[in-house]
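Student: Shown below is the structure under consideration.
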Amino acid sequence: MGHDVLSEKPQLNLFESKNAPGRKPLKRPAPREKVPSSRRKKGGGPLTAEQMGAQQREISVAEFFTKNRHLLGFDNATKALLTTVKEAVDNSLDAAEEAGLLPEITVEISPLKGLAGARSGTNGAGSGKNGDPNAPERFVVAVTDNGPGVIKAQIPKIFGKLLYGSKFHRLRQSRGQQGIGISAAGMYGQLTTGIPTAIISRTGKGRPAHRFEVLVNTQKNHPETVTDEEVEWELDHGTRVEIALEARYQRGKHSVDEYLRQCAVANPHARFVYRAPDGEETIFERGIEDLPASPKEIKPHPYGVELGVLMKMLKTTKATKLKAFLSTDFSRVSLAVASEICDVAGLSQNAWVSRIAREDADRLYQAIPRVKIRKPPTNCLAPIGDEAIKAGLVKEFEPDFVHAVTRAPSVYRGNPFTIEVGVAFGGKLPGDQSVKVIRFANRVPLLYQQSACAIQKALGSVPWRNYGVQHPKGGLPVGPLVVFVHFASVWVQFTSESKEAIAHYPEILKELRLCMQDCGRVVGRHIRRQKRIADAEKKRSYIEKYLPHIGIALQEILDLTDAEREEAFLRLIGILNRSRKF
Amino acid sequence: MSPRKKSVAKKKAELDQVVTGAIHEVAEEIHGTIRADEQPALSFPIRSLKNVKYDPKVGYFEILGQTSERTLTVNTVKSFAQTLRMMSLSKLLVETDDHATKRDAYYQSKNWAEAKFDEQAESDSVMDDIEAMFSVRGVSREQLRFVPEEHGGAVAGELIVIDQDYDTGEPIEIDCTRFGSGAYTVPSDVEHLEFRTKAKFILAIETGGVFDRLNRHKYWDRANCILVAMGGVPTRACRRFIRRLSESRKLPVYAFVDCDPYGIANIYRTLKVGSGNAAHINRFFCVPNATFLGVMPQDIIDHDLMAATHKLKEVDIKRAKDALKNDPFFKRHMKWKSALKQMLKMGVRLEQQAFALHSLNYVMDTYLPGKLKGRKKFLP
């Protein structure tokens, strides 16, 4: 859920200015710039500080969201549907994997029965008017998983409260990160249809299944339970979440269909069942039966922290002395390295952490890049793996040839990351179009903003022509090729708040290019081999077909005997077979 | 058998000997290369305006030495085999004293199993290659017994053509004044024809329309000339006919075509000096004696014909500019350069039939007699 919201400035400020990790970040003070301008200007003449103060009040996160829903991927009715499915599926995958279960996920989208289409005015997506054929309709999205389930007490909070979850406080690779996504989707549904989010969950065989209907109190960011009952449910364990919302369903590049298809490629250990609004059912079967390795949590690496984070860590650390703080709260900082940082910063190794002032923290911050520190550990990353990528590509594209490369982890700004590239070539893939690029960040498909993404840039910089693939200048290569790119990191840096394109860091671009080149070379070998086989076949058939005619013509013109003709023919076979020229 | 007939037959047999000898020679060379276990190759002269030079003293586009090699490889094996089989067909035609058109050859190839041609375009191109290859050895396509399909245009006027009976070799005299409203048709092979005439010049006309008018009014009688209708770009037979007629009877040739880049740069230029694409045969098929009677751009002004003009089309302008820039013939003659530039400046073209603006017989009564009084002014 909302796995990348960390890159959003308003949310970021929200946490870091006020709330230490581990505390529930419920409310935020209203920073001046966030006060709606209408309030400031009302009433004509200049206001006193007191008058202004009277107007200043807290804004709940939920209220903030209702005004800024585009930040979370609810900018329009089409995207709202995709985002809702995506948040639910991400949660389901994360939960099942963490519990060591092979995910089995059913996604159903059906028209909302018994209610007319969307009313204009409540249309949160901001498009549709009555009579507009593009006006959003109302749908019910239901996502069911075979995960560990959620205990009864937690259900309302997880689904009815923004910023509640287990993932934000850990530096670990996972799909969701903040605990905003699913409750935001529920709130969007609630805003556009008035219908609460319905949840069924069971935590194990023999235990009761609970059904909840939950609304978000948007003023208080607090869950309000509408229904709470025990029900019969066919699954031994798992969770089903049902959200009614205004949305627009379409197929194509940015559709739920495409999202699930790509999900199935990147998660070949999962099985997906998808029922589209028209009732069509698609099943994405498993490609492999092994769960991916579980990623480890890591401490932050000094190269990756910003000054504000460093100060916050100084405030909340359990260590008392500076050297101990550095060596226990960061990864790859030994006592020796800690001493060196202190020395470079000109601070005492035994300085009390609680006494470090802003200026000292800044000196410490400035000192860090000047000290050589080992790269962060990379066991926090869980790449998909060559075999799994290949299985996923074979399953979905049925190519002639498939190859995948997982690069050794690398680091940008103290964040470990690893690049994986898979290529599928030939088979039923169309040969006259630009290659299909499918992008993933932490196994989540990225469907929007392909051209702004580092992956696209790296792809264009690879010398595809050397590998026997057409490559128009300044464009994408053309051919029966699918390029799969997975960017795995504890922290995915996106270009913007829309969180759909990976930022162009030189380290990232370099790793992407190297990885694509590794794959490209192997595809090139395959293409050349195919050509050699085709050439050899052509040679053989041409020799059979046309060489005898040279013999016949020579015989006719020169009055050769049959034996002479045969000799010329045999010599010609030898000449052509020896010839390297085609 | 008359002595004349004998000499004709002997000459023909000698010529055939040269042709089969040349074919044999090429095949022998290839066979020798194969026996030495080396890749055989065929060599063709390159046919384009870039591989010709023009010297007015020689009078036609001469082919330069550039050649392309076709080495036997997997990719060339098919056309290599087809070329050899086509040569073999030519040898057979000579030996049986027969001939084949391009279309005939295409159908003959259907006996060659896998080596057959799928489209006539393929067999035409192989035939062109063979023609080019043998033209270097002094053998023409007609001598290879591949004859053009198209006939060579219409002839009328004070001219006796001496042909011969195909079976007996008896001479046949054809009087070109006696076709009434029709005309004598140039045959596809003109090498054996002989001529008798008292005419003073040959008028080579682009269109059948003007030819018919002049023929019907016996303009050839009035002007004491021979009329030839080329019907667009003259066929090889037509060019060869005019060339042989003008050379054997020492007659000047005056070209009368439309005043547009096609009439000048394609029809007239090809008639006089040949073309780039057929550079290897220009020496047989050019008419260096030809000069350009009209219609010249200046004639449009002199004869007050602006009302009958059409605007130059995009393709006309391109063709004219291309002629000025790339055509060795026009580049060599200042008079032509200024005439083409004048046309581009006026921006119009005129068809030769446009004299009908003034009166139907204006062309015959006024234009041609006027032009013929100032033959020095004809363009080269």
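To be explicit about the labels: the chains of the structure tokens are called A, B, and onward in the order shown, and within each one the residues are counted from 1, while ligands get numbers from 1 in the order they are shown.
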Using only C-alpha atoms, what does the table of chain B residues within 6 Å of chain A look like, with each row giving the shortest atom pair and its distance in Å to one decimal, sorted by chain and ascending number, as JSON lines?
Tutor:
{"residue": "B:Thr73", "atom": "CA", "partner": "A:Phe582", "partner_atom": "CA", "distance": 5.5}
{"residue": "B:Val74", "atom": "CA", "partner": "A:Phe582", "partner_atom": "CA", "distance": 5.3}
{"residue": "B:Asn75", "atom": "CA", "partner": "A:Phe582", "partner_atom": "CA", "distance": 5.7}
{"residue": "B:Lys78", "atom": "CA", "partner": "A:Tyr546", "partner_atom": "CA", "distance": 5.6}
{"residue": "B:Ala81", "atom": "CA", "partner": "A:Ile550", "partner_atom": "CA", "distance": 4.8}
{"residue": "B:Leu84", "atom": "CA", "partner": "A:Ala553", "partner_atom": "CA", "distance": 5.6}
{"residue": "B:Arg85", "atom": "CA", "partner": "A:Ala553", "partner_atom": "CA", "distance": 4.9}
{"residue": "B:Ser88", "atom": "CA", "partner": "A:Ile557", "partner_atom": "CA", "distance": 5.5}
Student: Create the file for the chosen residues now, containing N, CA and C atoms and written as a CSV table (one decimal), in the first residue's frame.
Tutor:
chain,number,residue,atom,x,y,z
B,73,THR,N,27.9,-16.9,-55.0
B,73,THR,CA,27.7,-17.2,-53.5
B,73,THR,C,26.3,-17.7,-53.3
B,74,VAL,N,26.0,-18.0,-52.1
B,74,VAL,CA,24.7,-18.6,-51.8
B,74,VAL,C,23.6,-17.6,-52.3
B,75,ASN,N,23.8,-16.3,-52.0
B,75,ASN,CA,22.8,-15.4,-52.4
B,75,ASN,C,22.7,-15.1,-53.9
B,78,LYS,N,21.1,-18.4,-57.5
B,78,LYS,CA,19.9,-18.5,-58.3
B,78,LYS,C,20.0,-17.7,-59.6
B,81,ALA,N,22.7,-19.1,-61.9
B,81,ALA,CA,22.2,-20.3,-62.7
B,81,ALA,C,21.3,-19.8,-63.8
B,84,LEU,N,23.2,-18.2,-66.7
B,84,LEU,CA,23.8,-19.2,-67.6
B,84,LEU,C,22.8,-20.0,-68.4
B,85,ARG,N,21.7,-20.2,-67.8
B,85,ARG,CA,20.7,-20.9,-68.6
B,85,ARG,C,20.1,-20.1,-69.7
B,88,SER,N,22.5,-20.1,-72.5
B,88,SER,CA,22.3,-21.4,-73.2
B,88,SER,C,21.1,-21.3,-74.2
Student: Identify all residues of stretch 360-425 of chain A in strand (DSSP E) (DSSP on the backbone) and supply them as a PyMOL selection string.
Tutor: chain A and resi 401-406+410-412+415-425
Student: What's around A:Leu509 at 6 Å? Count only C-alpha atoms, leave out sequence neighbours fewer than 3 positions away in its own chain, and write the answer as a list of chain:residue names.
Tutor: A:Ala458, A:Pro506, A:Leu512
Student: Could you save those same residues with C-alpha atoms as a compact mmCIF listing (two decimals), in the first residue's frame?
Tutor:
# COMPACT_ATOMS: atom_id res chain seq x y z
CA ALA A 458 19.01 3.31 -19.95
CA PRO A 506 24.00 8.04 -12.38
CA LEU A 512 20.54 -0.56 -15.48
Student: Excluding same-chain residues fewer than 2 positions from B:Tyr362, what lies within 12 Å of it counting only C-alpha atoms, as a list of chain:residue names?
Tutor: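 In the requested form, the answer reads B:Val210, B:Arg213, B:Leu214, B:His303, B:Leu305, B:Gln352, B:Gln353, B:Ala354, B:Phe355, B:Ala356, B:Leu357, B:His358, B:Ser359, B:Leu360, B:Met364, B:Asp365, B:Thr366, B:Tyr367, B:Leu368, B:Pro369, B:Gly370.
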Student: Write the selection just made, keeping C-alpha atoms, as an mmCIF file, in the first residue's frame?
Tutor:
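What ended up in again_39.cif:
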data_model
loop_
_atom_site.group_PDB
_atom_site.id
_atom_site.type_symbol
_atom_site.label_atom_id
_atom_site.label_comp_id
_atom_site.auth_asym_id
_atom_site.auth_seq_id
_atom_site.Cartn_x
_atom_site.Cartn_y
_atom_site.Cartn_z
ATOM 1 C CA VAL B 210 0.941 15.313 -85.894
ATOM 2 C CA ARG B 213 -1.906 15.239 -90.184
ATOM 3 C CA LEU B 214 1.364 15.627 -92.107
ATOM 4 C CA HIS B 303 4.351 32.077 -82.720
ATOM 5 C CA LEU B 305 1.191 30.470 -78.400
ATOM 6 C CA GLN B 352 3.384 20.060 -80.626
ATOM 7 C CA GLN B 353 -0.283 19.825 -81.478
ATOM 8 C CA ALA B 354 -0.927 23.185 -79.831
ATOM 9 C CA PHE B 355 -0.337 24.993 -83.161
ATOM 10 C CA ALA B 356 -3.964 24.099 -83.827
ATOM 11 C CA LEU B 357 -4.663 27.198 -81.747
ATOM 12 C CA HIS B 358 -4.140 29.297 -84.866
ATOM 13 C CA SER B 359 -5.487 26.858 -87.467
ATOM 14 C CA LEU B 360 -5.401 23.137 -87.966
ATOM 15 C CA MET B 364 2.322 22.456 -91.831
ATOM 16 C CA ASP B 365 1.722 25.724 -93.661
ATOM 17 C CA THR B 366 3.525 28.145 -91.416
ATOM 18 C CA TYR B 367 5.529 26.660 -88.581
ATOM 19 C CA LEU B 368 7.555 23.917 -90.271
ATOM 20 C CA PRO B 369 8.368 25.844 -93.487
ATOM 21 C CA GLY B 370 9.455 28.788 -91.352
#
Student: What's the 8 Å shell around B:Val94, counting only C-alpha atoms, without same-chain residues fewer than 2 positions away, as a list in words?
Tutor: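 Non-adjacent residues within range: Asp16, Val19, Thr20, Ser90, Lys91, Leu92, Thr96, Asp97, Asp98, His99, Leu144 and Arg145 of chain B.
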Student: I need the residue nearest B:Gly182 from this list: B:Phe211, B:Asp167, B:Phe201, B:Met133. Use only C-alpha atoms for the distance.
Tutor: B:Phe211
Student: Give me the residues within 9 Å of A:Thr320 as a list in words, counting only C-alpha atoms and dropping any in the same chain fewer than 4 places off.
Tutor: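 Counting only the stated atoms, we get Ala324, Phe325, Asn350, Ala351, Trp352, Val353 and Ser354 of chain A.
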